[in-house]
Each structure stands twice: as C-alpha cells, then as structure tokens.
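Student: So that you have it, the file is query-v8.cif, and it contains mmCIF, C-alpha atoms and all ligand atoms:
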data_data
loop_
_atom_site.label_atom_id
_atom_site.label_comp_id
_atom_site.auth_asym_id
_atom_site.auth_seq_id
_atom_site.Cartn_x
_atom_site.Cartn_y
_atom_site.Cartn_z
CA MET A 1 111.33 211.46 -67.32
CA VAL A 2 108.18 209.38 -66.88
CA ALA A 3 108.64 205.91 -68.35
CA GLY A 4 104.96 205.50 -69.05
CA ARG A 5 105.03 208.39 -71.51
CA TYR A 6 108.51 207.80 -72.83
CA PHE A 7 108.97 205.34 -75.67
CA PRO A 8 112.43 204.34 -76.71
CA PRO A 9 113.16 204.07 -80.42
CA LEU A 10 111.86 200.89 -82.01
CA PHE A 11 115.06 200.70 -84.02
CA SER A 12 118.43 202.29 -83.40
CA VAL A 13 121.92 202.01 -84.82
CA ALA A 14 124.41 201.35 -82.02
CA PRO A 15 127.16 203.75 -80.97
CA MET A 16 130.41 202.51 -82.54
CA MET A 17 133.74 204.26 -82.07
CA GLU A 18 135.38 205.21 -85.35
CA TRP A 19 132.37 203.85 -87.24
CA THR A 20 129.26 205.89 -86.42
CA ASP A 21 130.89 209.20 -87.24
CA HIS A 22 129.19 212.04 -89.10
CA HIS A 23 129.92 210.41 -92.47
CA TYR A 24 128.36 207.07 -91.58
CA ARG A 25 125.34 208.75 -90.04
CA THR A 26 124.84 210.79 -93.20
CA LEU A 27 124.78 207.59 -95.23
CA ALA A 28 122.47 205.86 -92.75
CA ARG A 29 120.00 208.75 -92.87
CA LEU A 30 119.93 208.69 -96.67
CA ILE A 31 118.81 205.06 -96.42
CA SER A 32 116.42 205.23 -93.44
CA LYS A 33 114.47 208.29 -92.29
CA HIS A 34 113.27 206.68 -89.06
CA ALA A 35 116.17 204.74 -87.54
CA TRP A 36 117.59 206.47 -84.49
CA LEU A 37 121.31 207.13 -84.83
CA TYR A 38 123.86 207.12 -82.03
CA THR A 39 127.13 209.02 -82.05
CA GLU A 40 130.40 207.32 -81.25
CA MET A 41 131.14 207.45 -77.54
CA LEU A 42 132.58 210.82 -76.59
CA ALA A 43 134.50 211.06 -73.32
CA ALA A 44 133.13 213.82 -71.09
CA GLU A 45 136.70 215.08 -70.77
CA THR A 46 137.00 215.51 -74.54
CA ILE A 47 133.91 217.70 -74.56
CA VAL A 48 135.05 219.71 -71.55
CA TYR A 49 138.64 220.22 -72.74
CA GLN A 50 137.56 221.05 -76.30
CA GLU A 51 135.10 223.65 -75.16
CA HIS A 52 136.31 226.06 -77.86
CA ASP A 53 136.21 223.54 -80.69
CA LEU A 54 132.95 221.83 -79.86
CA ASP A 55 131.45 221.81 -83.35
CA ARG A 56 134.14 219.40 -84.42
CA PHE A 57 132.93 216.84 -81.88
CA LEU A 58 129.26 217.62 -81.40
CA ALA A 59 127.83 219.28 -84.50
CA PHE A 60 125.64 217.30 -86.88
CA SER A 61 123.40 218.17 -89.78
CA PRO A 62 119.72 218.56 -88.90
CA GLU A 63 118.67 215.57 -91.05
CA GLN A 64 120.45 213.32 -88.57
CA HIS A 65 117.66 213.72 -86.01
CA PRO A 66 116.63 211.60 -84.17
CA ILE A 67 120.16 211.31 -82.84
CA VAL A 68 121.53 210.28 -79.45
CA LEU A 69 124.79 211.49 -77.93
CA GLN A 70 126.66 208.81 -76.04
CA ILE A 71 129.03 210.05 -73.39
CA GLY A 72 131.49 208.18 -71.21
CA GLY A 73 133.30 209.15 -68.06
CA SER A 74 133.73 208.71 -64.37
CA ASN A 75 134.05 212.26 -63.13
CA LEU A 76 130.73 213.74 -62.05
CA GLU A 77 131.77 217.33 -62.60
CA ASN A 78 132.94 216.65 -66.13
CA LEU A 79 129.84 214.60 -66.94
CA ALA A 80 127.66 217.50 -65.78
CA LYS A 81 129.66 220.09 -67.71
CA ALA A 82 129.79 217.94 -70.86
CA THR A 83 126.01 217.47 -70.79
CA GLU A 84 125.53 221.18 -70.34
CA LEU A 85 127.85 221.99 -73.24
CA ALA A 86 126.01 219.49 -75.45
CA ASN A 87 122.66 221.23 -74.83
CA ALA A 88 123.39 223.76 -77.56
CA TYR A 89 123.28 220.94 -80.12
CA SER A 90 119.81 219.61 -79.20
CA TYR A 91 120.47 215.89 -79.15
CA ASP A 92 117.30 213.84 -78.81
CA GLU A 93 118.63 211.71 -75.95
CA ILE A 94 121.79 211.49 -73.85
CA ASN A 95 123.14 207.99 -73.28
CA PHE A 96 125.75 206.99 -70.73
CA ASN A 97 128.24 204.25 -71.61
CA CYS A 98 128.45 201.44 -69.03
CA GLY A 99 129.35 198.73 -71.50
CA CYS A 100 132.70 199.45 -73.11
CA PRO A 101 135.33 196.83 -72.17
CA SER A 102 138.28 198.48 -73.94
CA PRO A 103 141.27 198.53 -71.55
CA ARG A 104 141.77 202.20 -72.48
CA VAL A 105 138.31 202.90 -71.10
CA ALA A 106 137.55 200.19 -68.53
CA GLY A 107 141.14 199.93 -67.26
CA HIS A 108 143.04 203.16 -67.15
CA GLY A 109 140.06 205.50 -67.48
CA CYS A 110 138.01 203.29 -65.14
CA PHE A 111 134.76 203.91 -66.93
CA GLY A 112 132.72 201.99 -69.45
CA VAL A 113 131.66 198.52 -68.31
CA ARG A 114 133.64 198.68 -65.06
CA LEU A 115 130.97 201.08 -63.83
CA MET A 116 128.51 198.18 -63.67
CA LEU A 117 130.35 197.22 -60.49
CA ASP A 118 129.45 200.59 -58.96
CA PRO A 119 125.72 201.15 -59.51
CA LYS A 120 125.64 203.84 -56.85
CA PHE A 121 128.08 205.92 -58.88
CA VAL A 122 126.08 205.28 -62.07
CA GLY A 123 122.94 206.46 -60.26
CA GLU A 124 124.75 209.66 -59.23
CA ALA A 125 126.17 210.14 -62.71
CA MET A 126 122.74 209.73 -64.30
CA SER A 127 121.28 212.20 -61.84
CA VAL A 128 123.82 214.89 -62.69
CA ILE A 129 123.42 214.22 -66.41
CA ALA A 130 119.61 214.36 -66.18
CA ALA A 131 119.80 217.57 -64.13
CA LYS A 132 121.67 219.31 -66.97
CA THR A 133 119.46 218.37 -69.91
CA ASN A 134 115.83 218.36 -70.93
CA ALA A 135 116.41 215.38 -73.22
CA PRO A 136 115.62 211.85 -72.01
CA VAL A 137 118.59 209.96 -70.58
CA SER A 138 119.51 206.30 -70.88
CA VAL A 139 122.19 203.80 -69.88
CA LYS A 140 123.83 201.27 -72.21
CA CYS A 141 125.32 198.33 -70.36
CA ARG A 142 126.23 194.65 -70.61
CA ILE A 143 124.58 191.84 -68.62
CA GLY A 144 127.57 191.50 -66.32
CA VAL A 145 131.32 191.71 -65.86
CA ASP A 146 133.68 188.76 -65.30
CA ASP A 147 132.27 186.64 -62.43
CA HIS A 148 129.65 189.23 -61.61
CA ASP A 149 127.38 187.68 -64.15
CA SER A 150 124.32 186.36 -62.34
CA TYR A 151 120.86 187.55 -63.31
CA ASN A 152 120.37 188.87 -59.80
CA GLU A 153 123.46 191.05 -59.98
CA LEU A 154 122.21 192.51 -63.25
CA CYS A 155 118.85 193.21 -61.60
CA ASP A 156 120.58 194.84 -58.64
CA PHE A 157 122.37 197.16 -61.05
CA ILE A 158 119.17 198.10 -62.89
CA TYR A 159 117.25 198.47 -59.66
CA LYS A 160 119.81 200.71 -57.97
CA VAL A 161 120.43 202.93 -60.99
CA SER A 162 116.72 203.41 -61.65
CA SER A 163 115.99 204.04 -57.96
CA LEU A 164 118.78 206.56 -57.54
CA SER A 165 118.26 208.51 -60.77
CA PRO A 166 115.62 209.42 -63.35
CA THR A 167 116.92 206.71 -65.73
CA ARG A 168 113.98 204.79 -67.23
CA HIS A 169 115.57 203.36 -70.36
CA PHE A 170 118.34 200.76 -70.43
CA ILE A 171 119.99 199.36 -73.55
CA ILE A 172 121.22 195.88 -72.81
CA HIS A 173 124.07 194.41 -74.82
CA SER A 174 123.07 190.89 -73.92
CA ARG A 175 126.48 189.38 -73.22
CA LYS A 176 128.82 189.99 -70.33
CA ALA A 177 132.23 191.65 -70.67
CA LEU A 178 135.51 190.00 -69.75
CA LEU A 179 138.14 192.31 -68.34
CA ASN A 180 140.94 189.74 -68.57
CA GLY A 181 142.68 191.42 -71.47
CA ILE A 182 140.81 189.98 -74.45
CA SER A 183 140.39 192.50 -77.24
CA PRO A 184 137.27 194.64 -77.55
CA ALA A 185 136.41 192.74 -80.75
CA ASP A 186 136.61 189.38 -78.91
CA ASN A 187 134.52 190.89 -76.14
CA ARG A 188 131.77 191.31 -78.73
CA ARG A 189 132.09 187.69 -79.87
CA VAL A 190 133.37 185.38 -77.15
CA PRO A 191 131.01 185.81 -74.16
CA PRO A 192 127.74 184.10 -75.13
CA LEU A 193 124.56 186.06 -75.75
CA LYS A 194 121.95 185.53 -73.06
CA TYR A 195 118.75 187.00 -74.40
CA GLU A 196 116.90 185.31 -71.55
CA TYR A 197 118.42 187.88 -69.17
CA PHE A 198 117.02 190.67 -71.34
CA TYR A 199 113.53 189.19 -71.35
CA GLY A 200 113.82 188.53 -67.61
CA LEU A 201 114.36 192.29 -67.12
CA LEU A 202 111.22 193.06 -69.14
CA ARG A 203 109.26 190.78 -66.84
CA ASP A 204 110.82 191.99 -63.57
CA PHE A 205 110.91 195.75 -64.21
CA PRO A 206 107.58 196.52 -65.89
CA ASP A 207 107.94 200.25 -65.16
CA LEU A 208 111.18 200.57 -67.11
CA LYS A 209 111.93 200.46 -70.85
CA PHE A 210 114.50 198.14 -72.35
CA THR A 211 116.22 198.00 -75.71
CA ILE A 212 117.83 194.72 -76.73
CA ASN A 213 121.25 194.68 -78.37
CA GLY A 214 123.82 192.12 -79.49
CA GLY A 215 123.94 189.71 -82.40
CA ILE A 216 120.77 190.92 -84.14
CA ASN A 217 121.52 190.76 -87.83
CA SER A 218 118.36 191.15 -89.89
CA ILE A 219 115.07 193.01 -89.96
CA ASP A 220 113.29 189.72 -89.34
CA GLU A 221 115.21 189.30 -86.10
CA VAL A 222 114.46 192.92 -85.17
CA ASN A 223 110.74 192.33 -85.61
CA ALA A 224 110.92 188.99 -83.80
CA ALA A 225 112.53 190.70 -80.78
CA LEU A 226 109.83 193.42 -80.81
CA LEU A 227 107.07 190.82 -81.09
CA GLU A 228 108.43 189.11 -77.99
CA GLY A 229 107.98 192.40 -76.12
CA ALA A 230 111.28 194.30 -76.46
CA HIS A 231 110.57 198.05 -76.37
CA GLY A 232 113.38 198.72 -78.81
CA VAL A 233 116.08 196.97 -80.80
CA MET A 234 119.60 198.28 -81.35
CA VAL A 235 121.72 196.95 -84.20
CA GLY A 236 125.45 197.57 -84.48
CA ARG A 237 127.74 195.64 -86.79
CA ALA A 238 125.07 194.51 -89.24
CA ALA A 239 123.99 198.14 -89.78
CA TYR A 240 127.58 199.10 -90.52
CA ASN A 241 128.82 196.12 -92.50
CA ASN A 242 125.63 195.69 -94.51
CA PRO A 243 123.82 199.05 -94.33
CA TRP A 244 121.57 198.53 -97.35
CA GLN A 245 120.12 195.15 -96.39
CA THR A 246 119.67 196.32 -92.80
CA LEU A 247 118.62 199.97 -92.91
CA ALA A 248 116.64 200.10 -96.14
CA TYR A 249 113.94 197.91 -94.55
CA VAL A 250 113.61 199.86 -91.31
CA ASP A 251 111.07 202.49 -92.38
CA SER A 252 108.62 200.08 -93.98
CA ALA A 253 109.15 196.83 -92.08
CA VAL A 254 109.67 198.27 -88.57
CA TYR A 255 107.92 201.68 -88.61
CA GLY A 256 105.23 200.69 -91.09
CA VAL A 257 105.60 203.77 -93.30
CA PRO A 258 106.08 203.58 -97.06
CA SER A 259 109.73 203.17 -97.98
CA SER A 260 111.26 206.08 -99.92
CA GLY A 261 111.96 203.68 -102.80
CA VAL A 262 115.43 205.14 -103.17
CA THR A 263 118.10 203.16 -105.08
CA ARG A 264 121.76 202.88 -104.24
CA ARG A 265 122.68 205.03 -107.24
CA GLN A 266 120.48 207.82 -105.83
CA VAL A 267 121.96 207.39 -102.37
CA LEU A 268 125.46 207.69 -103.78
CA LYS A 269 124.55 210.78 -105.78
CA GLU A 270 123.40 212.55 -102.65
CA TYR A 271 126.34 211.25 -100.68
CA GLU A 272 128.69 212.64 -103.31
CA VAL A 273 127.29 216.13 -102.77
CA TYR A 274 127.76 215.71 -99.01
CA GLY A 275 131.29 214.35 -99.47
CA GLU A 276 132.48 217.16 -101.72
CA ALA A 277 131.21 219.69 -99.18
CA VAL A 278 133.10 218.21 -96.23
CA LEU A 279 136.39 217.09 -97.80
CA GLY A 280 139.29 218.95 -96.21
CA ILE A 281 137.21 221.12 -93.86
CA TYR A 282 139.81 220.47 -91.13
CA GLY A 283 142.92 221.12 -93.22
CA LYS A 284 143.89 217.79 -94.74
CA LYS A 285 140.97 216.01 -93.06
CA PRO A 286 138.68 214.40 -93.83
CA THR A 287 140.21 212.66 -96.83
CA VAL A 288 138.38 210.79 -99.58
CA ARG A 289 139.23 207.58 -97.69
CA ASP A 290 137.58 208.92 -94.50
CA VAL A 291 134.43 210.02 -96.30
CA ALA A 292 134.12 206.90 -98.48
CA LYS A 293 134.79 204.40 -95.65
CA PRO A 294 131.11 203.90 -94.66
CA LEU A 295 130.25 203.15 -98.29
CA LEU A 296 132.36 200.02 -98.40
CA GLY A 297 129.57 197.81 -97.06
CA LEU A 298 126.90 199.15 -99.42
CA PHE A 299 127.23 196.30 -101.92
CA HIS A 300 127.67 193.52 -99.39
CA SER A 301 127.32 190.12 -101.18
CA GLU A 302 126.33 191.75 -104.47
CA PRO A 303 127.98 191.00 -107.82
CA GLY A 304 131.05 193.23 -108.27
CA ASN A 305 131.53 193.86 -104.53
CA GLY A 306 135.08 192.46 -104.37
CA LEU A 307 136.21 194.37 -107.43
CA TRP A 308 134.64 197.62 -106.14
CA LYS A 309 136.53 197.32 -102.88
CA ARG A 310 139.83 196.66 -104.66
CA ARG A 311 139.24 199.64 -106.93
CA ALA A 312 138.35 201.76 -103.91
CA ASP A 313 141.64 200.81 -102.24
CA ALA A 314 143.56 201.89 -105.31
CA ALA A 315 141.52 205.07 -105.71
CA PHE A 316 142.18 206.13 -102.10
CA MET A 317 145.87 206.50 -103.02
CA HIS A 318 145.30 209.44 -105.33
CA CYS A 319 141.68 210.61 -105.58
CA THR A 320 141.07 214.05 -104.13
CA THR A 321 137.37 214.42 -104.98
CA MET A 322 134.37 212.17 -104.43
CA LYS A 323 133.46 212.59 -108.09
CA SER A 324 136.76 211.10 -109.25
CA PHE A 325 136.48 208.36 -106.61
CA PHE A 326 133.11 207.27 -107.97
CA GLU A 327 134.28 207.57 -111.58
CA GLU A 328 137.15 205.21 -110.86
CA THR A 329 135.25 202.63 -108.85
CA LEU A 330 131.54 202.41 -109.61
CA ASP A 331 132.01 200.68 -112.97
CA ALA A 332 132.64 197.55 -110.91
CA ILE A 333 128.98 197.40 -109.85
CA PRO A 334 126.39 196.34 -112.44
CA ASP A 335 123.61 198.85 -113.25
CA SER A 336 121.10 196.19 -112.23
CA VAL A 337 122.44 196.45 -108.66
CA LEU A 338 122.86 200.22 -108.60
CA ASP A 339 119.34 200.84 -109.88
CA ALA A 340 117.53 197.99 -108.17
CA PRO A 341 114.63 198.97 -105.95
CA LEU A 342 114.69 197.35 -102.57
CA ALA A 343 113.88 193.66 -102.80
CA GLU A 344 111.49 191.90 -100.42
CA ALA A 345 113.06 191.50 -96.98
CA PRO A 346 114.70 188.07 -96.84
CA SER A 347 112.43 185.72 -94.95
CA ARG A 348 113.21 184.51 -91.49
CA SER A 349 115.59 181.60 -91.15
CA GLU A 350 115.32 180.99 -87.45
CA ASN A 351 113.71 183.09 -84.73
CA PRO A 352 116.28 183.38 -81.91
CA PHE A 353 113.56 184.51 -79.49
CA ALA A 354 110.95 181.85 -80.26
CA ASN A 355 111.24 179.87 -77.02
CA ILE A 356 112.74 182.55 -74.84
CA ARG A 357 109.85 182.51 -72.33
CA ASP A 358 110.70 178.88 -71.50
CA VAL A 359 114.24 179.68 -70.37
CA LEU A 360 113.85 182.89 -68.37
CA PRO A 361 115.88 183.12 -65.15
CA PRO A 362 113.92 182.89 -61.86
CA PRO A 363 112.23 186.20 -61.01
CA TYR A 364 114.26 188.87 -59.22
CA LYS A 365 113.46 188.69 -55.54
CA GLU A 366 116.09 190.67 -53.72
CA ARG A 367 114.47 194.04 -53.89
CA GLU A 368 113.55 194.52 -50.28
CA GLN A 369 116.94 193.42 -49.10
CA GLU A 370 118.47 195.76 -51.66
CA VAL A 371 116.47 198.70 -50.33
CA LEU A 372 117.75 197.97 -46.85
CA TYR A 373 121.40 197.73 -47.88
CA ALA A 374 121.56 200.12 -50.83
C1 LIG B 1 133.82 199.15 -83.96
C2 LIG B 1 132.90 199.15 -82.78
C3 LIG B 1 132.93 200.21 -81.90
C4 LIG B 1 132.07 200.25 -80.79
N1 LIG B 1 132.05 201.36 -80.01
C5 LIG B 1 131.12 201.48 -79.03
C6 LIG B 1 130.93 202.70 -78.31
O1 LIG B 1 131.57 203.72 -78.59
N2 LIG B 1 130.01 202.71 -77.32
C7 LIG B 1 129.24 201.62 -77.01
O2 LIG B 1 128.40 201.67 -76.10
N3 LIG B 1 129.38 200.47 -77.68
C8 LIG B 1 130.28 200.38 -78.70
N4 LIG B 1 130.35 199.24 -79.45
C9 LIG B 1 129.42 198.13 -79.16
C10 LIG B 1 128.14 198.28 -79.98
O3 LIG B 1 127.45 199.47 -79.64
C11 LIG B 1 127.20 197.07 -79.76
O4 LIG B 1 126.83 197.04 -78.39
C12 LIG B 1 127.87 195.75 -80.10
O5 LIG B 1 128.53 195.82 -81.35
C13 LIG B 1 126.84 194.61 -80.12
O6 LIG B 1 125.84 194.85 -81.10
P1 LIG B 1 125.87 194.10 -82.54
O7 LIG B 1 126.02 192.64 -82.28
O8 LIG B 1 124.57 194.46 -83.18
O9 LIG B 1 127.07 194.64 -83.27
C14 LIG B 1 131.19 199.18 -80.55
C15 LIG B 1 131.16 198.10 -81.45
C16 LIG B 1 131.99 198.09 -82.55
C17 LIG B 1 131.91 196.94 -83.54
#
Any chance you could give the structure as structure tokens?

Tutor:
Amino acid sequence: MVAGRYFPPLFSVAPMMEWTDHHYRTLARLISKHAWLYTEMLAAETIVYQEHDLDRFLAFSPEQHPIVLQIGGSNLENLAKATELANAYSYDEINFNCGCPSPRVAGHGCFGVRLMLDPKFVGEAMSVIAAKTNAPVSVKCRIGVDDHDSYNELCDFIYKVSSLSPTRHFIIHSRKALLNGISPADNRRVPPLKYEYFYGLLRDFPDLKFTINGGINSIDEVNAALLEGAHGVMVGRAAYNNPWQTLAYVDSAVYGVPSSGVTRRQVLKEYEVYGEAVLGIYGKKPTVRDVAKPLLGLFHSEPGNGLWKRRADAAFMHCTTMKSFFEETLDAIPDSVLDAPLAEAPSRSENPFANIRDVLPPPYKEREQEVLYA
C-alpha cells in the first residue's frame, strides 16, 4: 500500500462492540451514503473457529460498502487465517485493534491496547495480515498505555510498526488507556484527550495517514479537525447515540455532495422492511429488541423522545414484528419531527483544535537511535 495514493476515509463510524452490528450499520447507511462503517471487533479466533458459519459473523449487505472489518488477536497464524477467510466478503479495509482496554481482551487474551507495548509484534501481525489481503490495512490504537504515555513512546510505536509492515494508516484514539482495572467505559472518559499528540504525529510522519478519534461530537468538530490537517475523522458514541444529528450531515457537510433529503419517517419505512426480513433468521434471534436497538437514538433531544423510549420498552415485551413495534410506539413522535427535512447543521460552539499548533509536543527525534536498536 502506497500512502501517497491511499486516502483514508474523511469520515468513519468507529468500531463498537455490540453497537456497530449489522442492524446499526443498516440504519447508518440509510442516513449517510458516504460515511465509512466499521464492524464490531471480531477476534481472529472467532473467525477461524467458526469457519463453517462465517456468514453469521462476516456477511453484510452490499449497501454497507465502504465497510472496514476490524479484527483483534495475538496469534499470527490465526490473524493470517482470519484475514484469508474474510477475503470472500470483500471488505474495503482490514483494521487491527491495538486500542481495546477491556480486561477480557487486554488482560486474559493479551491483545487490544496491550499490543502497543510490543510494536515489533504489531509490525509482524500487520505484515501477515497485509500478505493475505488486497485491501488496505490499518491500525487503531490509543496514544499510550499506563505510564508509557510520552509522545516519544507513541512515535516509537508508529515508527516501528510502519517500518516493519506495509501499514500506512493509523487511527488514533487520542487518549491513553489505563490497565488498572477501570471499566472500558471509564477508559473512554477518564484519561484526558490529547489532540496535540495526534497533530504532532501529522507533523512528524508526513508519509503516513492519520485519522483522529475520541470526543468528536458534531459535524462542525469533524470539519474543524479536517481543516487543521487530519486526513480522516472517526466518530463513535455520537454517531450511535445521536445518529440523525451526526450522520445526516456527513454527505453534504463533509463530502460536499447533495444530501438525499430523506426524512426520519422514510428511514424508518425502509428500516422496517429490513427488520421484517431479518427477524428470527437464527432461530429466536434476532428479536424485535435486537433489531430496534439502534433506532433508540434517532429522536435524541426531540419532542416525544422520552415517551417513545418508554413505549419501545413496553413494546419489546410482546411485539413480534417491526410493523407492530412501530404501530405501538411511533405515535409518541410528532409528525413535524418525523417528516422534517434535515435542519441546518448547528453552528460551531467552540473549535477544540483552534490553537492546537501552539501546544504540539517537541518533534520526534529518536529515529536514528530507534533504527539502531529496533
Ligand atoms: C460500546 C463501545 C464499544 C467499543 N468497541 C470497540 C471495538 O470493538 N474496537 C475498537 O477499536 N474500539 C471500540 N470502542 C472504542 C471506539 O471505537 C472509539 O475509539 C471510542 O468510543 C472513542 O471515540 P468517541 O469519543 O467518538 O466515542 C468502543 C466504544 C464503545 C462506546
């Protein structure tokens, strides 16, 4: 992969376990045609051991392109085999998880963010992954782990991985991870965001591509990050908890193409068709609750939102079709909301990147030493 010719997505929705499943991605694609969508992280072992049931884990409908498969693992053989097995599904990029702090992953499984402490292994892993696919490959990582949180250590990681493998694109969740037992949710909230590390990487590795991630909550902030030079912006929780206000602006405000002008009523109509088609395809699963879960953020801060969620909770107890679910719940939302075209994007409150160039860390200088001791 040649970085000069490769451009990472301007906007992507982050990989989120139990959130960015096929249902959520279907909803996201109905709202934005251009956002890149990531799968949940899939352990290489899951792919390898489920070789005969792969569709369940890897299949997606063609509209979900462009879509990135995120894999996790620490066994080179399984990473290679998993990548090979995924080829049949034609993902647009393969991403390797070096950022997950969950004890299940970083502790027992010894992968995820713990791998940032072993850049040589990550370089090898990326080489075997890249050797098994024609798709571009990328790494998603944090800016550090525990006390290994200096800018130089982050640069060492990026330098070694990119020198030892064809990796040219890094997605940087711009806070470190703490492996002292705090919950994964706290690990996405407690360590402070250090966007200056991200912009330091842009300055110090001009041949690589970087996507910024962490705490970016609006389209204005996405565009502000791009204006400051980020090659791409990845949004996680805001795109899940408030999909309309986040994703409906992506095509026009980020990609500069006319928005589809779709309303939420139209989105739900199409989603209903999707939902009816997938309910129960795996025996009792998925249920109406599973399929409707990504919809619960669609009316974030709109009139009727609280009532709609309460009705949804009640409806989950007995509804067996999407049609009956909508019949029982949608009355809570006024027509003026359901049929409203997309409003103007809310204007910028504060640009978190405005003075970032004034606070960049000192330039990375250790390269030659690193070459000697790598
Ligand atoms: C419920 C949930 C699950 C997540 N699962 C993953 C995952 O599977 N792989 C990964 O790299 N990051 C995962 N993350 C982290 C996100 O990809 C993202 O880096 C993080 O939420 C910061 O971005 P945000 O502030 O825009 O949400 C998860 C986050 C959440 C909220």

Student: Env of region 246-261 of chain A: 6 Å cut, atoms = only C-alpha atoms, seq-sep filter 2 positions within chain, self excluded. Answer as a ChimeraX atom specification.

Tutor: /A:31-32,34,239,243-244

Student: Nearest residue to Trp36 (chain A) out of A:Val128, A:Met234, A:Leu58, A:Val137, using only C-alpha atoms?

Tutor: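 Using only C-alpha atoms, the shortest distance to Trp36 (chain A) belongs to A:Met234.
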
Student: Which value, in Å to one decimal, gives the distance between CA of Leu42 (chain A) and atom C6 of ligand LIG 1 (chain B)?

Tutor: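 The value is 8.5 Å.
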
Student: Counting all atoms listed in the file, which residue out of A:Arg175, A:Lys120, A:Arg25, A:Lys160 sits closest to ligand LIG 1 (chain B)?

Tutor: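 For ligand LIG 1 (chain B), the nearest of the given residues is A:Arg175.
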
Student: Using 7 Å as the limit and counting only C-alpha atoms and all ligand atoms, can you tabulate each residue of chain A that touches ligand LIG 1 (chain B), with its shortest atom-to-atom distance in Å and the two atoms involved, as JSON lines?

Tutor:
{"residue": "A:Ala14", "atom": "CA", "partner": "B:LIG1", "partner_atom": "O3", "distance": 4.3}
{"residue": "A:Pro15", "atom": "CA", "partner": "B:LIG1", "partner_atom": "O3", "distance": 4.5}
{"residue": "A:Met16", "atom": "CA", "partner": "B:LIG1", "partner_atom": "N1", "distance": 3.2}
{"residue": "A:Met17", "atom": "CA", "partner": "B:LIG1", "partner_atom": "N1", "distance": 3.9}
{"residue": "A:Glu18", "atom": "CA", "partner": "B:LIG1", "partner_atom": "C1", "distance": 6.4}
{"residue": "A:Trp19", "atom": "CA", "partner": "B:LIG1", "partner_atom": "C1", "distance": 5.9}
{"residue": "A:Glu40", "atom": "CA", "partner": "B:LIG1", "partner_atom": "O1", "distance": 4.6}
{"residue": "A:Met41", "atom": "CA", "partner": "B:LIG1", "partner_atom": "O1", "distance": 3.9}
{"residue": "A:Asn97", "atom": "CA", "partner": "B:LIG1", "partner_atom": "O2", "distance": 5.2}
{"residue": "A:Gly99", "atom": "CA", "partner": "B:LIG1", "partner_atom": "O2", "distance": 5.5}
{"residue": "A:Cys100", "atom": "CA", "partner": "B:LIG1", "partner_atom": "C7", "distance": 5.6}
{"residue": "A:Lys140", "atom": "CA", "partner": "B:LIG1", "partner_atom": "O2", "distance": 6.0}
{"residue": "A:His173", "atom": "CA", "partner": "B:LIG1", "partner_atom": "O4", "distance": 5.2}
{"residue": "A:Ala185", "atom": "CA", "partner": "B:LIG1", "partner_atom": "C17", "distance": 6.8}
{"residue": "A:Arg188", "atom": "CA", "partner": "B:LIG1", "partner_atom": "C12", "distance": 6.1}
{"residue": "A:Asn213", "atom": "CA", "partner": "B:LIG1", "partner_atom": "O6", "distance": 5.3}
{"residue": "A:Gly214", "atom": "CA", "partner": "B:LIG1", "partner_atom": "O7", "distance": 3.6}
{"residue": "A:Gly215", "atom": "CA", "partner": "B:LIG1", "partner_atom": "O7", "distance": 3.6}
{"residue": "A:Ile216", "atom": "CA", "partner": "B:LIG1", "partner_atom": "O8", "distance": 5.3}
{"residue": "A:Asn217", "atom": "CA", "partner": "B:LIG1", "partner_atom": "O8", "distance": 6.7}
{"residue": "A:Met234", "atom": "CA", "partner": "B:LIG1", "partner_atom": "O8", "distance": 6.5}
{"residue": "A:Val235", "atom": "CA", "partner": "B:LIG1", "partner_atom": "O8", "distance": 3.9}
{"residue": "A:Gly236", "atom": "CA", "partner": "B:LIG1", "partner_atom": "O8", "distance": 3.5}
{"residue": "A:Arg237", "atom": "CA", "partner": "B:LIG1", "partner_atom": "O9", "distance": 3.7}
{"residue": "A:Ala238", "atom": "CA", "partner": "B:LIG1", "partner_atom": "O8", "distance": 6.1}

Student: Using only C-alpha atoms, which of the listed residues (A:Asp156, A:Asp313, A:Glu63, A:Asp339) sits closest to Leu37 (chain A)?

Tutor: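 So, comparing all the options, the nearest one is A:Glu63.
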
Student: Using all atoms listed in the file, which of A:Tyr151, A:Tyr271, A:Tyr38, A:Tyr199 sits nearest Phe353 (chain A)?

Tutor: A:Tyr199

Student: Can you work out which one of A:Thr321, A:Gln64, A:Ser183, A:Gln70 has the shortest atom-to-atom distance to Ala277 (chain A), counting all atoms listed in the file?

Tutor: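 The closest residue to Ala277 (chain A) is A:Thr321.
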
Student: What does the distance from CA of Tyr240 (chain A) to CA of Ile94 (chain A) come to in Å, to one decimal?

Tutor: 21.6 Å

Student: In the coordinates of the file, take the point (123.3, 209.8, -60.6) and a cut-off of 10 Å; then, counting only C-alpha atoms, name each qualifying protein, DNA or RNA residue as a VMD selection string.

Tutor: chain A and resid 76 119 to 131 161 to 167

Student: Of the residues A:Val139, A:Cys155, A:Val222, A:Ile281, which is the one nearest to Leu115 (chain A), using all atoms listed in the file?

Tutor: A:Val139

Student: Rounded to one decimal in Å, what is the spacing between CA of Val145 (chain A) and CA of Lys194 (chain A)?

Tutor: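 These atoms are spaced 13.3 Å apart.
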
Student: Which region 6-109 of chain A residues have any atom within 10 Å of an atom of region 284-303 of chain A, and for each, what is the nearest pair of atoms with distance in Å to one decimal, counting only C-alpha atoms, rows sorted by chain and number, as JSON lines?

Tutor:
{"residue": "A:Trp19", "atom": "CA", "partner": "A:Pro294", "partner_atom": "CA", "distance": 7.5}
{"residue": "A:Thr20", "atom": "CA", "partner": "A:Pro294", "partner_atom": "CA", "distance": 8.7}
{"residue": "A:Asp21", "atom": "CA", "partner": "A:Pro294", "partner_atom": "CA", "distance": 9.1}
{"residue": "A:His22", "atom": "CA", "partner": "A:Val291", "partner_atom": "CA", "distance": 9.1}
{"residue": "A:His23", "atom": "CA", "partner": "A:Val291", "partner_atom": "CA", "distance": 5.9}
{"residue": "A:Tyr24", "atom": "CA", "partner": "A:Pro294", "partner_atom": "CA", "distance": 5.2}
{"residue": "A:Arg25", "atom": "CA", "partner": "A:Pro294", "partner_atom": "CA", "distance": 8.8}
{"residue": "A:Thr26", "atom": "CA", "partner": "A:Pro294", "partner_atom": "CA", "distance": 9.4}
{"residue": "A:Leu27", "atom": "CA", "partner": "A:Pro294", "partner_atom": "CA", "distance": 7.3}
{"residue": "A:Ala28", "atom": "CA", "partner": "A:Pro294", "partner_atom": "CA", "distance": 9.1}

Student: Can you list, as a PyMOL selection string, every protein, DNA or RNA residue that comes within 9 Å of Phe210 (chain A) when you count all atoms listed in the file, leaving out same-chain residues fewer than 2 positions away?

Tutor: chain A and resi 8+168-172+198+201-202+208+212+230-233
